[in-house]
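**Student:** I'm passing along query_22.tsv; it holds TSV, C-alpha atoms.
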```
chain	number	residue	atom	x	y	z
A	1	MET	CA	84.94	96.08	93.30
A	2	SER	CA	87.29	93.40	94.62
A	3	LEU	CA	88.26	93.63	98.26
A	4	THR	CA	91.97	94.22	98.88
A	5	PHE	CA	93.91	92.11	101.37
A	6	HIS	CA	97.38	92.78	102.74
A	7	TRP	CA	99.44	90.58	105.04
A	8	PHE	CA	102.05	91.51	107.66
A	9	LEU	CA	105.82	91.19	107.50
A	10	PRO	CA	106.96	90.50	111.09
A	11	THR	CA	110.25	92.39	111.16
A	12	ASN	CA	110.01	92.12	114.96
A	13	GLY	CA	110.29	88.31	114.84
A	14	ASP	CA	107.77	85.52	114.50
A	15	SER	CA	106.62	82.57	116.58
A	16	ARG	CA	103.93	79.98	117.24
A	17	HIS	CA	103.10	82.27	120.16
A	18	VAL	CA	102.10	85.94	120.05
A	19	VAL	CA	105.08	88.25	119.69
A	20	GLY	CA	104.27	91.11	122.04
A	21	GLY	CA	105.65	94.63	122.21
A	22	GLY	CA	105.19	97.80	120.22
A	23	HIS	CA	104.00	101.28	121.15
A	24	GLY	CA	107.04	101.89	123.30
A	25	THR	CA	107.22	98.38	124.78
A	26	PRO	CA	109.96	95.91	123.74
A	27	ALA	CA	109.29	92.78	121.73
A	28	THR	CA	108.68	89.75	123.92
A	29	ALA	CA	111.08	86.79	124.02
A	30	SER	CA	108.89	84.84	121.60
A	31	GLY	CA	110.11	87.16	118.86
A	32	ARG	CA	113.40	85.26	118.93
A	33	ASP	CA	111.74	81.95	117.98
A	34	ARG	CA	111.92	82.83	114.29
A	35	PRO	CA	114.31	85.75	113.82
A	36	PRO	CA	113.32	88.26	111.09
A	37	THR	CA	116.00	87.25	108.61
A	38	VAL	CA	115.66	88.21	104.96
A	39	ALA	CA	115.35	84.52	104.12
A	40	TYR	CA	112.42	83.94	106.49
A	41	LEU	CA	110.65	87.19	105.69
A	42	SER	CA	111.00	86.38	101.99
A	43	ARG	CA	109.21	83.07	102.57
A	44	ILE	CA	106.30	84.95	104.13
A	45	ALA	CA	106.30	87.51	101.33
A	46	GLY	CA	106.36	84.77	98.70
A	47	ALA	CA	103.45	82.99	100.34
A	48	ALA	CA	101.46	86.24	100.53
A	49	GLU	CA	102.08	86.92	96.85
A	50	GLU	CA	101.10	83.39	95.85
A	51	LEU	CA	97.91	83.46	97.90
A	52	GLY	CA	96.68	86.80	96.53
A	53	PHE	CA	97.56	89.40	99.12
A	54	VAL	CA	98.28	92.71	97.38
A	55	GLY	CA	100.93	93.88	99.81
A	56	VAL	CA	102.61	93.36	103.16
A	57	LEU	CA	102.75	95.87	106.01
A	58	THR	CA	105.88	96.42	108.08
A	59	PRO	CA	105.97	97.93	111.56
A	60	THR	CA	108.24	100.78	112.63
A	61	GLY	CA	110.00	101.58	115.88
A	62	ALA	CA	112.86	100.45	118.07
A	63	TRP	CA	111.30	97.00	118.58
A	64	CYS	CA	111.76	95.85	114.98
A	65	GLU	CA	114.10	95.98	112.01
A	66	ASP	CA	114.17	99.10	109.84
A	67	ALA	CA	111.28	98.96	107.38
A	68	TRP	CA	112.92	100.71	104.40
A	69	LEU	CA	116.04	98.55	104.36
A	70	THR	CA	114.26	95.28	105.07
A	71	THR	CA	111.56	95.67	102.42
A	72	ALA	CA	114.11	96.79	99.83
A	73	MET	CA	115.95	93.50	100.35
A	74	VAL	CA	112.84	91.32	100.51
A	75	SER	CA	111.39	92.95	97.37
A	76	ARG	CA	114.12	91.31	95.28
A	77	HIS	CA	112.66	87.90	96.17
A	78	THR	CA	109.14	88.70	94.94
A	79	GLU	CA	107.65	89.81	91.64
A	80	ARG	CA	104.44	91.77	92.15
A	81	LEU	CA	103.85	91.99	95.88
A	82	LYS	CA	103.70	95.56	97.20
A	83	PHE	CA	105.30	96.78	100.41
A	84	LEU	CA	103.34	98.98	102.81
A	85	VAL	CA	106.34	100.59	104.47
A	86	ALA	CA	105.70	102.22	107.83
A	87	PHE	CA	107.78	105.29	108.50
A	88	ARG	CA	107.82	108.27	110.85
A	89	PRO	CA	107.92	111.71	109.25
A	90	GLY	CA	110.01	113.33	111.99
A	91	PHE	CA	113.06	111.12	111.47
A	92	VAL	CA	114.08	112.17	107.93
A	93	SER	CA	113.67	115.29	105.84
A	94	PRO	CA	110.62	115.37	103.55
A	95	THR	CA	112.81	115.88	100.49
A	96	LEU	CA	114.91	112.84	101.31
A	97	ALA	CA	111.79	110.75	102.01
A	98	ALA	CA	110.27	111.78	98.68
A	99	GLN	CA	113.51	110.82	96.93
A	100	MET	CA	113.72	107.48	98.76
A	101	ALA	CA	110.14	106.67	97.76
A	102	SER	CA	110.85	107.60	94.16
A	103	THR	CA	113.92	105.36	94.09
A	104	PHE	CA	112.00	102.50	95.68
A	105	GLN	CA	109.30	102.77	93.02
A	106	ARG	CA	111.79	102.58	90.15
A	107	GLN	CA	113.89	99.79	91.61
A	108	SER	CA	110.92	97.65	92.68
A	109	GLY	CA	108.71	98.14	89.64
A	110	GLY	CA	106.21	100.47	91.35
A	111	ARG	CA	105.57	98.35	94.43
A	112	LEU	CA	105.77	100.88	97.27
A	113	LEU	CA	102.91	101.98	99.53
A	114	LEU	CA	103.52	104.28	102.50
A	115	ASN	CA	102.07	103.91	105.98
A	116	VAL	CA	102.63	107.23	107.74
A	117	VAL	CA	103.09	106.75	111.51
A	118	THR	CA	103.30	110.04	113.37
A	119	GLY	CA	104.29	108.35	116.65
A	120	GLY	CA	102.13	108.17	119.76
A	121	GLU	CA	104.80	107.74	122.43
A	122	SER	CA	106.91	110.75	123.38
A	123	HIS	CA	109.45	108.68	125.30
A	124	GLU	CA	110.10	106.54	122.23
A	125	GLN	CA	110.29	109.58	119.96
A	126	ARG	CA	112.87	111.21	122.26
A	127	ALA	CA	115.12	108.16	121.82
A	128	TYR	CA	115.33	109.19	118.15
A	129	GLY	CA	115.98	112.83	118.99
A	130	ASP	CA	112.40	114.05	118.52
A	131	PHE	CA	111.20	116.21	121.43
A	132	LEU	CA	107.92	117.59	120.04
A	133	ASP	CA	104.68	116.85	121.85
A	134	LYS	CA	101.98	114.75	120.20
A	135	ASP	CA	99.91	117.54	118.62
A	136	ALA	CA	103.05	119.24	117.33
A	137	ARG	CA	104.15	115.94	115.78
A	138	TYR	CA	100.88	115.76	113.87
A	139	ARG	CA	101.22	119.34	112.66
A	140	ARG	CA	104.73	118.50	111.47
A	141	THR	CA	103.34	115.44	109.69
A	142	GLY	CA	100.93	117.71	107.81
A	143	GLU	CA	103.81	119.93	106.65
A	144	PHE	CA	105.86	116.86	105.77
A	145	LEU	CA	103.16	115.35	103.58
A	146	GLN	CA	102.50	118.69	101.92
A	147	VAL	CA	106.14	118.89	100.84
A	148	VAL	CA	106.32	115.25	99.77
A	149	ARG	CA	103.15	115.38	97.68
A	150	GLU	CA	104.17	118.58	95.93
A	151	LEU	CA	107.58	117.12	95.13
A	152	TRP	CA	105.93	114.01	93.69
A	153	GLU	CA	103.87	116.32	91.46
A	154	GLY	CA	107.09	117.72	90.01
A	155	LYS	CA	106.86	121.08	91.75
A	156	THR	CA	109.70	123.13	93.15
A	157	VAL	CA	108.87	123.52	96.83
A	158	ASP	CA	109.60	126.32	99.26
A	159	LEU	CA	108.09	125.95	102.72
A	160	HIS	CA	108.76	127.96	105.85
A	161	GLY	CA	106.47	126.09	108.21
A	162	GLU	CA	106.06	125.85	111.94
A	163	HIS	CA	108.33	122.80	112.10
A	164	LEU	CA	109.83	122.23	108.64
A	165	ARG	CA	111.73	124.48	106.27
A	166	VAL	CA	112.85	123.63	102.75
A	167	GLU	CA	114.02	125.90	99.97
A	168	ASP	CA	114.18	125.21	96.23
A	169	ALA	CA	113.41	121.52	96.78
A	170	ARG	CA	112.84	119.47	93.63
A	171	LEU	CA	113.12	115.85	92.53
A	172	ALA	CA	115.21	114.99	89.50
A	173	ARG	CA	113.07	111.90	88.85
A	174	LEU	CA	109.44	111.46	89.85
A	175	PRO	CA	107.91	108.25	91.21
A	176	ASP	CA	105.74	106.31	88.79
A	177	PRO	CA	103.22	105.53	90.06
A	178	VAL	CA	102.99	107.95	92.96
A	179	PRO	CA	102.87	105.85	96.17
A	180	GLU	CA	99.55	105.80	97.96
A	181	VAL	CA	99.58	107.13	101.51
A	182	TYR	CA	97.98	105.11	104.31
A	183	PHE	CA	97.30	106.90	107.56
A	184	GLY	CA	95.70	106.13	110.93
A	185	GLY	CA	94.91	107.94	114.15
A	186	SER	CA	91.94	108.49	116.43
A	187	SER	CA	92.63	111.94	117.88
A	188	PRO	CA	90.97	115.07	116.41
A	189	ILE	CA	94.19	116.36	114.86
A	190	ALA	CA	94.93	112.93	113.36
A	191	GLY	CA	91.58	113.02	111.59
A	192	GLU	CA	92.34	116.47	110.20
A	193	ILE	CA	95.71	115.40	108.79
A	194	ALA	CA	94.24	112.21	107.31
A	195	ALA	CA	91.44	114.17	105.64
A	196	ARG	CA	93.93	116.49	103.93
A	197	HIS	CA	96.64	114.05	102.89
A	198	ALA	CA	95.73	110.34	103.09
A	199	ASP	CA	94.56	108.07	100.30
A	200	VAL	CA	93.53	105.29	102.70
A	201	TYR	CA	92.48	105.78	106.32
A	202	LEU	CA	93.35	102.79	108.50
A	203	THR	CA	91.65	101.87	111.75
A	204	TRP	CA	92.49	99.12	114.19
A	205	GLY	CA	89.98	96.32	114.60
A	206	GLU	CA	87.37	97.81	116.86
A	207	PRO	CA	83.79	96.43	116.95
A	208	PRO	CA	81.73	97.35	113.88
A	209	ALA	CA	79.68	100.06	115.60
A	210	GLN	CA	82.84	101.93	116.63
A	211	VAL	CA	84.38	101.47	113.19
A	212	ALA	CA	81.23	102.89	111.59
A	213	GLU	CA	81.49	106.00	113.78
A	214	LYS	CA	85.13	106.48	112.85
A	215	ILE	CA	84.42	106.11	109.12
A	216	ALA	CA	81.63	108.68	109.29
A	217	TRP	CA	83.90	111.07	111.19
A	218	VAL	CA	86.76	110.87	108.68
A	219	LYS	CA	84.39	110.99	105.70
A	220	ASP	CA	82.94	114.28	106.94
A	221	LEU	CA	86.40	115.75	107.52
A	222	ALA	CA	87.55	114.70	104.04
A	223	ALA	CA	84.38	116.06	102.40
A	224	ALA	CA	85.09	119.44	103.98
A	225	GLN	CA	88.46	119.32	102.16
A	226	GLY	CA	86.78	118.33	98.88
A	227	ARG	CA	88.34	114.86	99.09
A	228	THR	CA	87.22	111.23	99.33
A	229	LEU	CA	89.23	108.48	101.01
A	230	ARG	CA	89.24	104.70	101.01
A	231	PHE	CA	89.08	102.86	104.31
A	232	GLY	CA	91.02	99.91	105.66
A	233	ILE	CA	91.19	97.93	108.89
A	234	ARG	CA	94.08	96.24	110.70
A	235	LEU	CA	93.30	92.87	112.29
A	236	HIS	CA	94.83	89.54	113.25
A	237	VAL	CA	93.15	86.32	112.12
A	238	ILE	CA	92.79	82.82	113.55
A	239	THR	CA	90.71	80.73	111.16
A	240	ARG	CA	90.29	76.99	110.71
A	241	ASP	CA	87.94	74.43	109.18
A	242	THR	CA	85.62	74.66	112.19
A	243	SER	CA	84.85	77.32	114.78
A	244	ALA	CA	85.89	74.95	117.58
A	245	GLN	CA	89.32	74.47	116.05
A	246	ALA	CA	89.85	78.22	115.67
A	247	TRP	CA	88.83	78.99	119.26
A	248	ALA	CA	91.03	76.16	120.50
A	249	GLU	CA	93.96	77.89	118.83
A	250	ALA	CA	92.99	81.22	120.43
A	251	ASP	CA	92.88	79.46	123.81
A	252	ARG	CA	96.32	77.95	123.18
A	253	LEU	CA	97.76	81.40	122.47
A	254	LEU	CA	96.09	82.81	125.57
A	255	GLU	CA	97.52	80.04	127.75
A	256	GLY	CA	100.99	81.07	126.56
A	257	PHE	CA	100.66	84.59	128.00
A	258	ASP	CA	102.86	84.79	131.07
A	259	PRO	CA	100.99	86.81	133.75
A	260	GLU	CA	104.05	88.92	134.54
A	261	THR	CA	104.53	89.72	130.85
A	262	VAL	CA	100.88	90.76	130.56
A	263	LYS	CA	101.24	92.96	133.63
A	264	SER	CA	104.44	94.58	132.32
A	265	VAL	CA	103.09	95.18	128.81
A	266	GLN	CA	99.82	96.60	130.11
A	267	ALA	CA	101.67	98.97	132.44
A	268	GLY	CA	103.72	100.21	129.50
A	269	LEU	CA	100.73	100.63	127.22
A	270	ALA	CA	98.68	102.40	129.90
A	271	ARG	CA	100.97	105.42	129.62
A	272	SER	CA	100.55	105.57	125.84
A	273	GLU	CA	99.59	108.97	124.41
A	274	SER	CA	97.89	107.27	121.46
A	275	GLU	CA	94.12	107.60	121.60
A	276	GLY	CA	93.84	104.55	119.36
A	277	GLN	CA	95.95	102.55	121.80
A	278	GLN	CA	93.74	103.59	124.69
A	279	ARG	CA	90.69	102.47	122.71
A	280	MET	CA	92.39	99.09	122.22
A	281	LEU	CA	93.08	98.78	125.95
A	282	ALA	CA	89.47	99.57	126.77
A	283	LEU	CA	88.33	96.54	124.77
A	284	HIS	CA	89.84	94.10	127.28
A	285	GLY	CA	89.81	96.27	130.39
A	286	GLY	CA	93.56	96.66	130.70
A	287	GLY	CA	94.45	93.01	131.17
A	288	ASN	CA	91.19	91.21	131.88
A	289	ARG	CA	91.18	87.67	130.44
A	290	ASP	CA	87.41	87.29	130.73
A	291	GLY	CA	84.93	88.44	128.11
A	292	LEU	CA	87.55	88.75	125.37
A	293	GLU	CA	85.06	88.02	122.57
A	294	ILE	CA	83.84	91.62	122.26
A	295	HIS	CA	81.71	91.04	119.14
A	296	PRO	CA	80.87	87.78	117.38
A	297	ASN	CA	84.21	86.31	116.23
A	298	LEU	CA	86.15	89.43	117.33
A	299	TRP	CA	88.69	88.54	120.06
A	300	ALA	CA	90.65	91.13	122.07
A	301	GLY	CA	93.18	88.66	123.48
A	302	ILE	CA	96.13	89.74	121.29
A	303	GLY	CA	96.08	93.17	122.95
A	304	LEU	CA	97.01	91.67	126.31
A	305	VAL	CA	100.66	91.39	125.22
A	306	ARG	CA	100.89	93.46	122.02
A	307	GLY	CA	100.67	97.17	121.42
A	308	GLY	CA	98.85	98.55	118.40
A	309	ALA	CA	96.48	96.16	116.66
A	310	GLY	CA	95.12	94.01	119.47
A	311	THR	CA	92.10	92.18	118.07
A	312	ALA	CA	91.68	89.07	115.93
A	313	LEU	CA	88.92	87.57	113.82
A	314	VAL	CA	88.48	84.06	115.21
A	315	GLY	CA	86.28	81.40	113.68
A	316	SER	CA	85.64	79.03	110.83
A	317	TYR	CA	86.35	80.12	107.28
A	318	ASP	CA	82.67	80.90	106.76
A	319	GLU	CA	82.41	82.86	110.01
A	320	VAL	CA	85.48	84.98	109.28
A	321	ALA	CA	84.22	85.63	105.75
A	322	GLU	CA	80.92	86.87	107.25
A	323	ARG	CA	82.73	89.24	109.60
A	324	ILE	CA	84.75	90.60	106.68
A	325	LYS	CA	81.50	91.19	104.81
A	326	GLU	CA	80.11	92.97	107.88
A	327	TYR	CA	83.05	95.40	107.94
A	328	HIS	CA	82.87	95.82	104.17
A	329	ALA	CA	79.21	96.85	104.48
A	330	LEU	CA	80.38	99.73	106.69
A	331	GLY	CA	82.77	100.99	104.01
A	332	ILE	CA	85.97	98.98	104.63
A	333	ASP	CA	87.57	97.92	101.35
A	334	GLU	CA	91.10	97.01	102.49
A	335	PHE	CA	92.07	94.49	105.17
A	336	VAL	CA	95.57	94.41	106.65
A	337	LEU	CA	95.86	91.03	108.38
A	338	SER	CA	98.33	88.94	110.33
A	339	GLY	CA	98.51	85.77	112.42
A	340	TYR	CA	100.90	83.63	114.41
A	341	PRO	CA	102.98	82.20	112.90
A	342	HIS	CA	102.68	84.49	109.89
A	343	LEU	CA	103.81	81.91	107.37
A	344	GLU	CA	101.33	79.20	108.33
A	345	GLU	CA	98.44	81.53	109.16
A	346	ALA	CA	98.71	83.16	105.74
A	347	TYR	CA	97.86	79.77	104.21
A	348	TRP	CA	95.00	79.09	106.62
A	349	PHE	CA	93.37	82.38	105.61
A	350	GLY	CA	94.44	82.41	101.97
A	351	GLU	CA	93.27	78.87	101.22
A	352	GLY	CA	90.26	78.92	103.53
A	353	VAL	CA	88.64	82.37	103.53
A	354	LEU	CA	89.67	83.98	100.25
A	355	PRO	CA	88.08	81.28	98.04
A	356	ARG	CA	84.78	81.78	99.88
A	357	LEU	CA	84.88	85.51	99.23
A	358	ALA	CA	85.80	84.84	95.60
A	359	ALA	CA	82.80	82.54	95.20
A	360	GLN	CA	80.58	85.40	96.34
A	361	GLY	CA	82.13	87.86	93.88
A	362	LEU	CA	83.81	89.92	96.60
A	363	TRP	CA	87.42	89.07	95.79
A	364	ARG	CA	89.59	87.99	92.92
A	365	HIS	CA	93.26	87.10	92.85
A	366	PRO	CA	95.13	90.33	91.98
A	367	PHE	CA	97.94	88.56	90.15
A	368	ASP	CA	95.96	86.43	87.72
A	369	GLY	CA	97.37	88.42	84.79
A	370	PRO	CA	100.97	88.53	83.51
A	371	ALA	CA	103.71	89.87	85.77
A	372	ALA	CA	104.63	93.53	85.46
A	373	PRO	CA	107.64	93.74	83.14
A	374	ALA	CA	109.45	96.24	85.41
A	375	ALA	CA	109.62	93.78	88.29
A	376	GLN	CA	112.85	91.78	88.38
A	377	VAL	CA	113.67	88.75	90.53
A	378	PRO	CA	117.41	88.03	90.30
A	379	PHE	CA	117.41	85.34	92.99
A	380	ALA	CA	115.88	81.89	92.71
```
Would you mind writing the file's structure down as structure tokens?

**Tutor:**
Amino acid sequence: MSLTFHWFLPTNGDSRHVVGGGHGTPATASGRDRPPTVAYLSRIAGAAEELGFVGVLTPTGAWCEDAWLTTAMVSRHTERLKFLVAFRPGFVSPTLAAQMASTFQRQSGGRLLLNVVTGGESHEQRAYGDFLDKDARYRRTGEFLQVVRELWEGKTVDLHGEHLRVEDARLARLPDPVPEVYFGGSSPIAGEIAARHADVYLTWGEPPAQVAEKIAWVKDLAAAQGRTLRFGIRLHVITRDTSAQAWAEADRLLEGFDPETVKSVQAGLARSESEGQQRMLALHGGGNRDGLEIHPNLWAGIGLVRGGAGTALVGSYDEVAERIKEYHALGIDEFVLSGYPHLEEAYWFGEGVLPRLAAQGLWRHPFDGPAAPAAQVPFA
């Protein structure tokens, strides 16, 4: 089985420095260095497609551009690249979301994947008019995905749930193929929802021992539902010809972290309701710049200024390939990666690490065959 790699579409802006923010904190000023225009994002998407990434993930929240609209526009500048669109179930009706996904599939040639983000910050949710607490949001997500999946199966849906109510809901046209659902979360109720509804469970880049525990936990929950899931991991990467060059780049990024910005971001993230975010903060001690290599080639420095995924694989091409193999041995088959700047770092990884994995039979370029006939690219 070939490993699957996805890249990241920085709809919050890009830079030669880390663009901080997320999880209820605003994007840092570095996000203005390379604004997230359709033209720039399309260059990143085109590079990802050329290099062999299957898809690109978008973030969601007030700190970035809207994922649905942006990916719909960028998709017209690519042929086969998929778009892992992050969205929050509480912001639109399940019937409308199912219809939007179906439309996206037809218009893009079947290139939509969905990253369901329940939302871990109540203060951010309230800005969008959502006043449920965290556990209630997850229960609503379960109802939402139940409706969406049944609609995608062609059923007429009636649901009088705790949070959602639909009557005589039905899609006139079904998505083909049905989009796969990616889902993350470290709390008990998040695991339950993932076990019932997800196709791929995503974890942030914790050390291998912690990732192994999380995989075993979700596997058991899914087995109790009579289901099996695939597993993916979200990481940044800094990889060069030599280990010294890669760590020099990590040091350069670290030197660019303004102490006041670190303090402000950490204060904002400390109040996060997300258990996964708290696990990220624990890796660097809430702002400690010492001891950031928490496992061989696993660096927690990104999390000093960025919410969400806060760790990076740092090292030579061979070292990073070995760490990927280590995670794969635990059961990780999909890797959602990013790096600063996203355009250049995609080439460092794609031309340095992927060929090494290919030589070992662990990866092959997903677009070696002919382009899908449904995909259209009207712009040069």

**Student:** With only C-alpha atoms as the atoms that count, which of A:Ala172, A:Ala136, A:Met280, A:Leu159 lies nearest to His23 in chain A?

**Tutor:**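 For His23 in chain A, the nearest of the candidates is A:Met280.
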
**Student:** Can you tell me, as a PDB file with C-alpha atoms, keeping the file's coordinate frame, what residues are no more than 12 Å from Pro259 in chain A when counting all atoms listed in the file, ignoring any on the same chain fewer than 4 positions away?

**Tutor:**
```pdb
ATOM      1  CA  LEU A 254      96.090  82.810 125.570  1.00  0.00           C
ATOM      2  CA  GLU A 255      97.520  80.040 127.750  1.00  0.00           C
ATOM      3  CA  LYS A 263     101.240  92.960 133.630  1.00  0.00           C
ATOM      4  CA  SER A 264     104.440  94.580 132.320  1.00  0.00           C
ATOM      5  CA  VAL A 265     103.090  95.180 128.810  1.00  0.00           C
ATOM      6  CA  GLN A 266      99.820  96.600 130.110  1.00  0.00           C
ATOM      7  CA  GLY A 287      94.450  93.010 131.170  1.00  0.00           C
ATOM      8  CA  ASN A 288      91.190  91.210 131.880  1.00  0.00           C
ATOM      9  CA  ARG A 289      91.180  87.670 130.440  1.00  0.00           C
ATOM     10  CA  LEU A 304      97.010  91.670 126.310  1.00  0.00           C
ATOM     11  CA  VAL A 305     100.660  91.390 125.220  1.00  0.00           C
TER      12      VAL A 305
END
```

**Student:** Go through A:Tyr128, A:Tyr182, A:Tyr138, A:Trp204 and flag the residue nearest Phe91 in chain A, using all atoms listed in the file for the distances.

**Tutor:**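 Using all atoms listed in the file, Phe91 in chain A sits closest to A:Tyr128.
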
**Student:** Between CA of Ala62 in chain A and CA of Arg252 in chain A, measure the distance and give it in Å to one decimal.

**Tutor:**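 Calculated distance between CA of Ala62 in chain A and CA of Arg252 in chain A is 28.4 Å.
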
**Student:** With distances taken over only C-alpha atoms, which residue among A:Lys214, A:His6, A:Arg76, A:Lys155 lies nearest Thr58 in chain A?

**Tutor:**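 Among the listed residues, A:His6 lies closest to Thr58 in chain A.
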
**Student:** Would you mind putting N, CA and C atoms back on range 8-28 of chain A and writing the result as a PDB file, in the frame of the given file?

**Tutor:**
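out04.pdb, written as the output of this step:
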```pdb
ATOM      1  N   PHE A   8     101.109  90.806 106.783  1.00  0.00           N
ATOM      2  CA  PHE A   8     102.050  91.510 107.660  1.00  0.00           C
ATOM      3  C   PHE A   8     103.412  90.859 107.572  1.00  0.00           C
ATOM      4  N   LEU A   9     104.449  91.676 107.532  1.00  0.00           N
ATOM      5  CA  LEU A   9     105.820  91.190 107.500  1.00  0.00           C
ATOM      6  C   LEU A   9     106.416  91.405 108.892  1.00  0.00           C
ATOM      7  N   PRO A  10     106.581  90.337 109.682  1.00  0.00           N
ATOM      8  CA  PRO A  10     106.960  90.500 111.090  1.00  0.00           C
ATOM      9  C   PRO A  10     108.454  90.778 111.269  1.00  0.00           C
ATOM     10  N   THR A  11     108.842  91.992 111.013  1.00  0.00           N
ATOM     11  CA  THR A  11     110.250  92.390 111.160  1.00  0.00           C
ATOM     12  C   THR A  11     110.644  92.516 112.626  1.00  0.00           C
ATOM     13  N   ASN A  12     109.726  92.188 113.534  1.00  0.00           N
ATOM     14  CA  ASN A  12     110.010  92.120 114.960  1.00  0.00           C
ATOM     15  C   ASN A  12     110.187  90.672 115.430  1.00  0.00           C
ATOM     16  N   GLY A  13     110.170  89.720 114.504  1.00  0.00           N
ATOM     17  CA  GLY A  13     110.290  88.310 114.840  1.00  0.00           C
ATOM     18  C   GLY A  13     108.946  87.615 114.798  1.00  0.00           C
ATOM     19  N   ASP A  14     108.986  86.302 114.636  1.00  0.00           N
ATOM     20  CA  ASP A  14     107.770  85.520 114.500  1.00  0.00           C
ATOM     21  C   ASP A  14     107.836  84.314 115.424  1.00  0.00           C
ATOM     22  N   SER A  15     106.673  83.676 115.637  1.00  0.00           N
ATOM     23  CA  SER A  15     106.620  82.570 116.580  1.00  0.00           C
ATOM     24  C   SER A  15     105.285  81.853 116.452  1.00  0.00           C
ATOM     25  N   ARG A  16     105.208  80.662 117.070  1.00  0.00           N
ATOM     26  CA  ARG A  16     103.930  79.980 117.240  1.00  0.00           C
ATOM     27  C   ARG A  16     103.154  80.560 118.415  1.00  0.00           C
ATOM     28  N   HIS A  17     103.759  81.521 119.093  1.00  0.00           N
ATOM     29  CA  HIS A  17     103.100  82.270 120.160  1.00  0.00           C
ATOM     30  C   HIS A  17     103.026  83.732 119.716  1.00  0.00           C
ATOM     31  N   VAL A  18     102.221  84.521 120.401  1.00  0.00           N
ATOM     32  CA  VAL A  18     102.100  85.940 120.050  1.00  0.00           C
ATOM     33  C   VAL A  18     103.392  86.658 120.392  1.00  0.00           C
ATOM     34  N   VAL A  19     103.901  87.418 119.446  1.00  0.00           N
ATOM     35  CA  VAL A  19     105.080  88.250 119.690  1.00  0.00           C
ATOM     36  C   VAL A  19     104.577  89.605 120.181  1.00  0.00           C
ATOM     37  N   GLY A  20     104.761  89.869 121.459  1.00  0.00           N
ATOM     38  CA  GLY A  20     104.270  91.110 122.040  1.00  0.00           C
ATOM     39  C   GLY A  20     105.242  92.254 121.842  1.00  0.00           C
ATOM     40  N   GLY A  21     104.825  93.425 122.303  1.00  0.00           N
ATOM     41  CA  GLY A  21     105.650  94.630 122.210  1.00  0.00           C
ATOM     42  C   GLY A  21     104.963  95.685 121.366  1.00  0.00           C
ATOM     43  N   GLY A  22     105.722  96.696 121.008  1.00  0.00           N
ATOM     44  CA  GLY A  22     105.190  97.800 120.220  1.00  0.00           C
ATOM     45  C   GLY A  22     104.632  98.916 121.079  1.00  0.00           C
ATOM     46  N   HIS A  23     104.479 100.071 120.472  1.00  0.00           N
ATOM     47  CA  HIS A  23     104.000 101.280 121.150  1.00  0.00           C
ATOM     48  C   HIS A  23     104.817 101.559 122.411  1.00  0.00           C
ATOM     49  N   GLY A  24     106.131 101.545 122.227  1.00  0.00           N
ATOM     50  CA  GLY A  24     107.040 101.890 123.300  1.00  0.00           C
ATOM     51  C   GLY A  24     107.407 100.755 124.215  1.00  0.00           C
ATOM     52  N   THR A  25     106.853  99.542 123.983  1.00  0.00           N
ATOM     53  CA  THR A  25     107.220  98.380 124.780  1.00  0.00           C
ATOM     54  C   THR A  25     108.075  97.439 123.937  1.00  0.00           C
ATOM     55  N   PRO A  26     109.059  96.771 124.533  1.00  0.00           N
ATOM     56  CA  PRO A  26     109.960  95.910 123.740  1.00  0.00           C
ATOM     57  C   PRO A  26     109.268  94.653 123.272  1.00  0.00           C
ATOM     58  N   ALA A  27     109.801  94.064 122.210  1.00  0.00           N
ATOM     59  CA  ALA A  27     109.290  92.780 121.730  1.00  0.00           C
ATOM     60  C   ALA A  27     109.515  91.715 122.792  1.00  0.00           C
ATOM     61  N   THR A  28     108.553  90.814 122.939  1.00  0.00           N
ATOM     62  CA  THR A  28     108.680  89.750 123.920  1.00  0.00           C
ATOM     63  C   THR A  28     109.662  88.684 123.426  1.00  0.00           C
TER      64      THR A  28
END
```
